[in-house]
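Next up, work.tsv (TSV, C-alpha atoms):
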chain	number	residue	atom	x	y	z
A	10	ARG	CA	34.88	-1.01	2.02
A	11	ALA	CA	36.88	-2.74	-0.70
A	12	HIS	CA	39.57	-0.16	-0.10
A	13	LEU	CA	39.76	-0.97	3.62
A	14	ARG	CA	39.78	-4.65	2.85
A	15	ALA	CA	42.66	-4.11	0.48
A	16	LEU	CA	44.51	-2.48	3.36
A	17	GLY	CA	43.83	-5.57	5.40
A	18	GLN	CA	41.47	-3.87	7.81
A	19	THR	CA	38.26	-5.40	8.87
A	20	THR	CA	35.03	-3.57	8.19
A	21	LYS	CA	33.24	-5.59	10.80
A	22	ILE	CA	32.63	-4.16	14.26
A	23	ALA	CA	33.51	-6.59	17.01
A	24	ARG	CA	30.50	-7.69	19.05
A	25	SER	CA	30.65	-7.36	22.81
A	26	THR	CA	29.63	-10.28	24.95
A	27	LEU	CA	27.30	-10.11	27.91
A	28	ALA	CA	30.25	-10.84	30.21
A	29	GLN	CA	32.19	-7.87	28.84
A	30	VAL	CA	29.20	-5.61	29.35
A	31	GLN	CA	28.70	-6.85	32.91
A	32	ALA	CA	32.38	-6.33	33.70
A	33	ARG	CA	32.34	-2.81	32.29
A	34	ILE	CA	29.29	-1.86	34.35
A	35	ALA	CA	30.88	-3.32	37.49
A	36	PHE	CA	34.07	-1.38	36.81
A	37	LEU	CA	32.25	1.91	36.22
A	38	ARG	CA	30.12	1.31	39.29
A	39	GLU	CA	33.24	1.03	41.46
A	40	LYS	CA	34.83	4.02	39.81
A	41	THR	CA	31.85	6.33	40.37
A	42	LYS	CA	31.54	5.06	43.93
A	43	GLU	CA	35.14	6.02	44.56
A	44	ALA	CA	34.57	9.44	43.04
A	45	ALA	CA	31.52	9.97	45.27
A	46	SER	CA	33.32	8.92	48.44
A	47	ALA	CA	36.31	11.06	47.50
A	48	LYS	CA	33.97	14.02	47.29
A	49	ALA	CA	32.45	13.17	50.65
A	50	PHE	CA	35.89	12.82	52.17
A	51	ASP	CA	36.86	16.19	50.77
A	52	PHE	CA	33.76	17.71	52.33
A	53	ASP	CA	34.42	16.16	55.74
A	54	GLN	CA	37.99	17.29	55.56
A	55	ARG	CA	36.98	20.87	54.81
A	56	LEU	CA	34.47	20.83	57.60
A	57	ALA	CA	37.08	19.58	60.05
A	58	GLU	CA	39.40	22.35	58.94
A	59	VAL	CA	36.72	24.95	59.50
A	60	ARG	CA	36.19	23.70	63.04
A	61	MET	CA	39.86	23.90	63.95
B	20	SER	CA	32.68	31.70	18.98
B	21	ILE	CA	29.22	32.47	20.28
B	22	LEU	CA	27.92	29.28	18.73
B	23	HIS	CA	30.47	27.22	20.57
B	24	GLU	CA	29.75	28.90	23.89
B	25	LYS	CA	26.05	28.21	23.40
B	26	GLU	CA	26.87	24.58	22.86
B	27	ASP	CA	28.77	24.33	26.10
B	28	GLU	CA	26.26	26.20	28.20
B	29	VAL	CA	25.48	24.48	31.45
B	30	PRO	CA	21.96	23.04	31.50
B	31	ASP	CA	19.76	25.28	33.61
B	32	VAL	CA	17.80	22.53	35.33
B	33	ASP	CA	19.26	20.49	38.15
B	34	ASP	CA	18.83	16.72	37.89
B	35	THR	CA	20.34	15.93	41.29
B	36	ASP	CA	18.19	13.39	43.13
B	37	GLY	CA	17.43	13.26	46.82
B	38	LEU	CA	17.59	16.99	47.52
B	39	ASP	CA	14.17	16.76	49.16
B	40	PRO	CA	13.42	13.05	49.50
B	41	ALA	CA	9.99	13.49	51.10
B	42	ALA	CA	8.74	15.86	48.41
B	43	GLU	CA	10.21	13.73	45.62
B	44	PHE	CA	8.43	10.66	46.90
B	45	GLU	CA	5.18	12.53	47.40
B	46	ALA	CA	5.28	13.90	43.85
B	47	TRP	CA	5.81	10.37	42.56
B	48	ARG	CA	2.95	9.04	44.68
B	49	LEU	CA	0.59	11.54	43.07
B	50	ARG	CA	1.79	10.68	39.56
B	51	GLU	CA	1.40	6.97	40.23
B	52	LEU	CA	-2.08	7.55	41.66
B	53	GLY	CA	-2.99	9.41	38.47
B	54	ARG	CA	-1.83	6.45	36.38
B	55	ILE	CA	-3.72	3.94	38.52
B	56	LYS	CA	-6.84	6.07	38.27
B	57	LYS	CA	-6.56	6.26	34.49
B	58	GLU	CA	-6.06	2.50	34.23
B	59	LYS	CA	-9.21	1.91	36.31
B	60	GLU	CA	-11.22	4.33	34.18
B	61	ASP	CA	-10.05	2.66	30.98
B	62	GLU	CA	-10.99	-0.70	32.44
B	63	MET	CA	-14.49	0.61	33.22
B	64	VAL	CA	-14.90	1.84	29.65
B	65	ARG	CA	-13.89	-1.57	28.30
B	66	GLU	CA	-16.29	-3.26	30.73
B	67	LYS	CA	-19.15	-1.06	29.50
B	68	GLU	CA	-18.32	-1.88	25.90
B	69	ARG	CA	-18.35	-5.59	26.69
B	70	GLU	CA	-21.73	-5.28	28.37
B	71	GLU	CA	-23.10	-3.40	25.39
B	72	ILE	CA	-21.96	-6.14	23.02
B	73	GLU	CA	-23.50	-8.80	25.26
B	74	ARG	CA	-26.76	-6.87	25.42
B	75	ARG	CA	-26.93	-6.58	21.62
B	76	ARG	CA	-26.17	-10.25	21.23
B	77	ALA	CA	-29.00	-11.16	23.53
B	78	MET	CA	-31.46	-9.16	21.44
B	79	PRO	CA	-33.69	-10.85	18.92
B	80	GLU	CA	-32.41	-10.51	15.36
B	81	GLU	CA	-34.91	-7.86	14.17
B	82	GLN	CA	-34.20	-5.45	17.05
B	83	ARG	CA	-30.42	-5.34	16.62
B	84	LEU	CA	-30.39	-2.55	14.06
C	26	MET	CA	30.12	2.24	6.05
C	27	ALA	CA	30.21	3.81	9.48
C	28	ASN	CA	26.52	4.28	8.96
C	29	THR	CA	25.58	0.79	7.95
C	30	THR	CA	23.77	-1.67	10.16
C	31	ILE	CA	25.88	-4.50	11.51
C	32	THR	CA	26.17	-7.61	9.34
C	33	GLY	CA	23.68	-10.27	10.32
C	34	ALA	CA	21.30	-7.86	12.03
C	35	GLN	CA	17.70	-8.94	12.40
C	36	ALA	CA	14.97	-6.87	10.81
C	37	VAL	CA	12.90	-5.06	13.44
C	38	HIS	CA	9.21	-4.54	12.74
C	39	GLY	CA	9.96	-5.74	9.22
C	40	GLN	CA	12.68	-3.28	8.36
C	41	ASN	CA	16.28	-2.25	8.86
C	42	PRO	CA	16.32	-1.22	12.53
C	43	GLN	CA	17.97	2.11	11.73
C	44	PHE	CA	14.91	3.11	9.69
C	45	LEU	CA	12.95	3.32	12.95
C	46	VAL	CA	14.53	6.76	13.15
C	47	GLU	CA	13.02	8.76	10.32
C	48	THR	CA	15.28	9.81	7.45
C	49	VAL	CA	15.49	13.53	8.19
C	50	VAL	CA	16.52	12.95	11.81
C	51	ARG	CA	18.80	10.08	10.88
C	52	ASN	CA	20.69	12.24	8.40
C	53	ARG	CA	21.05	14.95	11.04
C	54	ILE	CA	22.68	12.36	13.28
C	55	TYR	CA	25.08	11.15	10.56
C	56	GLU	CA	26.12	14.77	10.03
C	57	SER	CA	26.64	15.55	13.73
C	58	THR	CA	30.06	15.96	15.28
C	59	PHE	CA	29.26	13.66	18.19
C	60	TRP	CA	28.32	10.88	15.80
C	61	LYS	CA	31.41	11.30	13.68
C	62	GLU	CA	33.85	11.73	16.54
C	63	HIS	CA	32.48	9.53	19.29
C	64	CYS	CA	30.16	6.91	17.86
C	65	PHE	CA	32.19	5.46	15.03
C	66	ALA	CA	33.60	2.28	16.58
C	67	LEU	CA	31.36	1.98	19.64
C	68	THR	CA	30.48	-1.50	20.81
C	69	ALA	CA	27.84	-2.59	23.32
C	70	GLU	CA	30.62	-2.37	25.90
C	71	SER	CA	32.23	0.99	25.09
C	72	LEU	CA	28.84	2.60	24.49
C	73	ILE	CA	28.20	2.37	28.26
C	74	ASP	CA	30.91	4.95	28.96
C	75	LYS	CA	29.28	7.39	26.56
C	76	ALA	CA	25.77	6.74	27.86
C	77	ILE	CA	26.64	7.47	31.48
C	78	GLU	CA	28.16	10.80	30.46
C	79	VAL	CA	24.96	11.91	28.77
C	80	ARG	CA	23.50	14.95	30.53
C	81	PHE	CA	20.04	15.02	28.99
C	82	ILE	CA	17.55	12.96	27.06
C	83	GLY	CA	15.63	14.26	24.07
C	84	GLY	CA	15.39	14.14	20.31
C	85	VAL	CA	16.40	17.24	18.39
C	86	TYR	CA	16.85	20.77	19.67
C	87	GLY	CA	17.81	24.20	18.42
C	88	ASN	CA	18.42	24.10	14.72
C	89	GLN	CA	17.36	20.43	14.50
C	90	ARG	CA	20.50	19.23	16.27
C	91	PRO	CA	20.28	15.68	17.58
C	92	THR	CA	21.06	15.07	21.23
C	93	GLU	CA	23.91	12.70	22.11
C	94	PHE	CA	21.18	10.53	23.60
C	95	LEU	CA	19.59	10.18	20.16
C	96	CYS	CA	22.94	9.46	18.51
C	97	LEU	CA	23.54	6.63	20.96
C	98	LEU	CA	20.08	5.27	20.29
C	99	LEU	CA	20.85	5.10	16.57
C	100	LYS	CA	24.15	3.41	17.37
C	101	LEU	CA	22.31	0.76	19.36
C	102	LEU	CA	19.94	0.21	16.44
C	103	GLN	CA	22.99	-0.19	14.24
C	104	ILE	CA	24.90	-2.67	16.37
C	105	GLN	CA	21.84	-4.48	17.75
C	106	PRO	CA	23.22	-5.93	20.99
C	107	GLU	CA	21.69	-9.10	22.39
C	108	LYS	CA	18.55	-8.83	24.48
C	109	GLU	CA	20.44	-9.79	27.67
C	110	ILE	CA	22.77	-6.86	27.19
C	111	LEU	CA	19.89	-4.43	27.07
C	112	VAL	CA	18.49	-5.97	30.24
C	113	GLU	CA	21.89	-5.49	31.84
C	114	TYR	CA	21.86	-1.79	30.88
C	115	LEU	CA	18.44	-1.46	32.44
C	116	ARG	CA	19.59	-3.12	35.66
C	117	ALA	CA	22.57	-0.80	36.15
C	118	GLU	CA	20.36	1.48	38.16
C	119	GLU	CA	22.91	4.02	39.30
C	120	PHE	CA	23.34	5.10	35.69
C	121	LYS	CA	19.98	6.69	35.03
C	122	TYR	CA	20.69	8.00	31.54
C	123	LEU	CA	21.91	4.58	30.45
C	124	ARG	CA	18.68	3.15	31.85
C	125	ALA	CA	16.59	5.70	29.96
C	126	LEU	CA	18.44	4.90	26.74
C	127	ALA	CA	17.94	1.17	27.21
C	128	ALA	CA	14.25	1.70	27.96
C	129	LEU	CA	13.74	3.64	24.73
C	130	TYR	CA	15.59	1.01	22.70
C	131	ILE	CA	13.63	-1.81	24.30
C	132	ARG	CA	10.35	-0.03	23.57
C	133	MET	CA	11.31	0.32	19.92
C	134	THR	CA	12.58	-3.18	19.27
C	135	PHE	CA	11.29	-5.77	21.76
C	136	ARG	CA	8.07	-7.83	21.72
C	137	ALA	CA	5.07	-6.20	23.38
C	138	VAL	CA	4.97	-8.63	26.32
C	139	ASP	CA	8.66	-8.10	27.04
C	140	ILE	CA	8.22	-4.35	26.81
C	141	TYR	CA	5.54	-4.33	29.48
C	142	GLU	CA	7.36	-6.80	31.70
C	143	LEU	CA	10.68	-4.97	31.53
C	144	LEU	CA	9.50	-1.37	31.58
C	145	GLU	CA	6.55	-1.32	33.96
C	146	PRO	CA	8.66	-2.11	37.03
C	147	LEU	CA	10.54	1.13	36.28
C	148	LEU	CA	7.40	3.16	36.95
C	149	LYS	CA	8.57	3.21	40.57
C	150	ASP	CA	11.82	4.99	39.61
C	151	TYR	CA	11.22	8.65	40.34
C	152	ARG	CA	14.65	10.06	39.67
C	153	LYS	CA	15.11	13.25	37.69
C	154	LEU	CA	16.09	13.39	34.07
C	155	ARG	CA	16.94	16.47	32.10
C	156	LEU	CA	15.09	16.74	28.83
C	157	ARG	CA	16.25	19.01	26.06
C	158	ASP	CA	13.98	19.93	23.20
C	159	MET	CA	13.16	22.87	20.97
C	160	SER	CA	11.96	24.89	23.95
C	161	GLY	CA	15.09	24.34	26.05
C	162	TYR	CA	15.67	22.21	29.13
C	163	THR	CA	12.94	20.76	31.32
C	164	LEU	CA	12.89	18.23	34.11
C	165	VAL	CA	11.06	14.94	33.73
C	166	PHE	CA	11.04	11.95	36.02
C	167	MET	CA	12.05	8.46	35.02
C	168	ASP	CA	8.54	7.13	35.73
C	169	GLU	CA	7.02	9.80	33.49
C	170	PHE	CA	9.47	8.98	30.74
C	171	ILE	CA	8.70	5.26	31.02
C	172	TYR	CA	4.97	5.97	31.03
C	173	SER	CA	5.32	8.08	27.89
C	174	LEU	CA	7.11	5.17	26.22
C	175	LEU	CA	4.17	2.92	27.06
C	176	THR	CA	1.41	5.33	26.11
C	177	GLU	CA	2.55	7.94	23.63
C	178	GLU	CA	2.97	7.75	19.88
C	179	ARG	CA	6.01	9.97	19.72
C	180	VAL	CA	8.89	10.14	22.22
C	181	CYS	CA	12.15	12.05	21.73
C	182	ASP	CA	11.05	12.96	18.19
C	183	ILE	CA	10.76	9.31	17.24
C	184	ILE	CA	7.54	7.64	16.17
C	185	MET	CA	7.08	4.67	18.45
C	186	PRO	CA	6.34	1.38	16.68
C	187	ARG	CA	2.80	0.19	17.27
C	188	ILE	CA	2.38	-1.85	20.44
C	189	ALA	CA	-0.50	-4.11	21.45
C	190	LYS	CA	-2.59	-2.61	24.25
C	191	ARG	CA	-1.96	-4.05	27.67
C	192	SER	CA	-5.63	-4.99	28.03
C	193	VAL	CA	-5.50	-7.08	24.84
C	194	LEU	CA	-2.47	-9.01	26.09
C	195	GLU	CA	-4.19	-9.52	29.43
C	196	GLU	CA	-7.30	-10.90	27.72
C	197	ASN	CA	-5.15	-13.28	25.69
C	198	GLY	CA	-3.54	-14.45	28.89
C	199	GLU	CA	-0.11	-13.35	27.70
C	200	LEU	CA	0.30	-10.81	30.48
C	201	GLY	CA	-0.77	-10.67	34.12
C	202	PRO	CA	-2.20	-7.47	35.60
C	203	ARG	CA	0.23	-4.62	36.18
C	204	LYS	CA	1.66	-4.65	39.67
C	205	SER	CA	1.85	-1.21	41.21
C	206	ARG	CA	3.81	-1.20	44.42
C	207	LEU	CA	1.86	1.85	45.51
C	208	LEU	CA	-1.47	0.14	44.95
C	209	ALA	CA	-0.29	-2.94	46.83
C	210	ALA	CA	0.80	-0.75	49.73
C	211	MET	CA	-2.52	1.11	49.80
C	212	GLU	CA	-4.46	-2.12	49.78
C	213	GLY	CA	-2.41	-3.30	52.72
C	214	GLU	CA	-0.75	-6.13	50.89
C	215	SER	CA	2.74	-7.06	51.92
C	216	ASP	CA	5.38	-5.69	49.61
C	217	PRO	CA	7.64	-8.55	48.54
C	218	GLU	CA	10.40	-6.20	47.43
C	219	LEU	CA	10.40	-4.39	50.74
C	220	GLU	CA	10.39	-7.61	52.76
C	221	GLU	CA	13.31	-8.76	50.71
C	222	LYS	CA	15.23	-5.62	51.64
C	223	GLN	CA	14.34	-5.79	55.34
C	224	SER	CA	15.40	-9.40	55.68
C	225	HIS	CA	18.81	-8.42	54.40
C	226	SER	CA	19.34	-5.53	56.79
Do you think you could lay out the structure here as structure tokens?
Amino acid sequence: RAHLRALGQTTKIARSTLAQVQARIAFLREKTKEAASAKAFDFDQRLAEVRM
Amino acid sequence: SILHEKEDEVPDVDDTDGLDPAAEFEAWRLRELGRIKKEKEDEMVREKEREEIERRRAMPEEQRL
Amino acid sequence: MANTTITGAQAVHGQNPQFLVETVVRNRIYESTFWKEHCFALTAESLIDKAIEVRFIGGVYGNQRPTEFLCLLLKLLQIQPEKEILVEYLRAEEFKYLRALAALYIRMTFRAVDIYELLEPLLKDYRKLRLRDMSGYTLVFMDEFIYSLLTEERVCDIIMPRIAKRSVLEENGELGPRKSRLLAAMEGESDPELEEKQSHS
């Protein structure tokens, strides 16, 4: 620890705020939603191709 | 290595939800019923214990033991 | 120092929160690759990304290897996020493994009344969770997992801190009776949650 301090690095872990946590969850929620709809789109696309 | 392959093996149980919504709900209903039943039984046991304590309290001193 | 509890952490049940995971298991976690490579600088925010990638819950498996789930639990004990953050994890319902992790942490560190009030509503969540233990993989349901947290002495190879019985808290007036949505439905009561949903559609 003293060694890291000597190098000017902090040994403390930054604490996240509630707002940061909420924002991260909202972001991941959107991202997984996109992934799910992309998959669905892919499926519909394939199905359409089969019909043709 | 074999060890590494083992580590990466795909889990052999599927955790996908909603494959059979009706059956999944029904299974939950039965589990929840089991929990409710157990809670009621525990409550009855506690009720009995309370009654027993009351009964003993109401007894004259010399009969308690 | 990667293994020390955050400065200013509150003692939980009278001890360093990390000690809630017994020494043998804790040392296994410190030695694990996942801990060393992925948990080092995690914060309450970046831990979410790891938690939603978790593929199974459980304690140790195989040759006493800790699951990633268990590593993340220890990390939470180390960084001790605020109560509201844990509630936020619990509310992010599409991420079921994050929810399971938050539920376990809450059970281990929160006050009894808060534990019942936060976890009991999750008894209606019947999604599937993979569990990995010494015997391999099995399927459990979220409601079963939550119920085990409320009733069992050992979950995911961790001894659960003692918790006051629900009935005792009810008698003290600290807790109202448990509300089962199923029971309410069977007794023909209106379901406030359902009405809420219908009025929005």
- Kindly provide, as a ChimeraX atom specification, the residues of chain C having any atom no farther than 10 Å from an atom of chain B, counting all atoms listed in the file. /C:80-81,148-157,161-169,172,192,203,205-208
Selection from above, C-alpha atoms, as a CSV table (one decimal), in the coordinates of the input, can you write it?
chain,number,residue,atom,x,y,z
C,80,ARG,CA,23.5,15.0,30.5
C,81,PHE,CA,20.0,15.0,29.0
C,148,LEU,CA,7.4,3.2,37.0
C,149,LYS,CA,8.6,3.2,40.6
C,150,ASP,CA,11.8,5.0,39.6
C,151,TYR,CA,11.2,8.6,40.3
C,152,ARG,CA,14.6,10.1,39.7
C,153,LYS,CA,15.1,13.2,37.7
C,154,LEU,CA,16.1,13.4,34.1
C,155,ARG,CA,16.9,16.5,32.1
C,156,LEU,CA,15.1,16.7,28.8
C,157,ARG,CA,16.2,19.0,26.1
C,161,GLY,CA,15.1,24.3,26.0
C,162,TYR,CA,15.7,22.2,29.1
C,163,THR,CA,12.9,20.8,31.3
C,164,LEU,CA,12.9,18.2,34.1
C,165,VAL,CA,11.1,14.9,33.7
C,166,PHE,CA,11.0,12.0,36.0
C,167,MET,CA,12.0,8.5,35.0
C,168,ASP,CA,8.5,7.1,35.7
C,169,GLU,CA,7.0,9.8,33.5
C,172,TYR,CA,5.0,6.0,31.0
C,192,SER,CA,-5.6,-5.0,28.0
C,203,ARG,CA,0.2,-4.6,36.2
C,205,SER,CA,1.8,-1.2,41.2
C,206,ARG,CA,3.8,-1.2,44.4
C,207,LEU,CA,1.9,1.8,45.5
C,208,LEU,CA,-1.5,0.1,45.0
- Selection near region 102-105 of chain C, 12 Å with all atoms listed in the file, sequence-local residues under 6 positions removed, as number ranges by chain: A: 21-25; C: 26-37, 40-46, 51, 64-72, 95-96, 111, 126-127, 129-135
- Between C:His38, C:Lys100, C:Arg53, C:Lys61, single out the one closest to chain A, counting all atoms listed in the file.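 Closest candidate: C:Lys100.
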- Message: Residues of chain A within 10 Å of chain C, counting all atoms listed in the file - could you list those as a list in words?
- Response: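 For chain A, the answer reads Arg10, Thr20, Lys21, Ile22, Ala23, Arg24, Ser25, Thr26, Leu27, Ala28, Gln29, Val30, Gln31, Ala32, Arg33, Ile34, Ala35, Leu37, Arg38, Thr41 and Lys42 of chain A.
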- How many Å separate CA of Arg90 (chain C) from CA of Ile54 (chain C)?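 Separating CA of Arg90 (chain C) from CA of Ile54 (chain C) is a distance of 7.8 Å.
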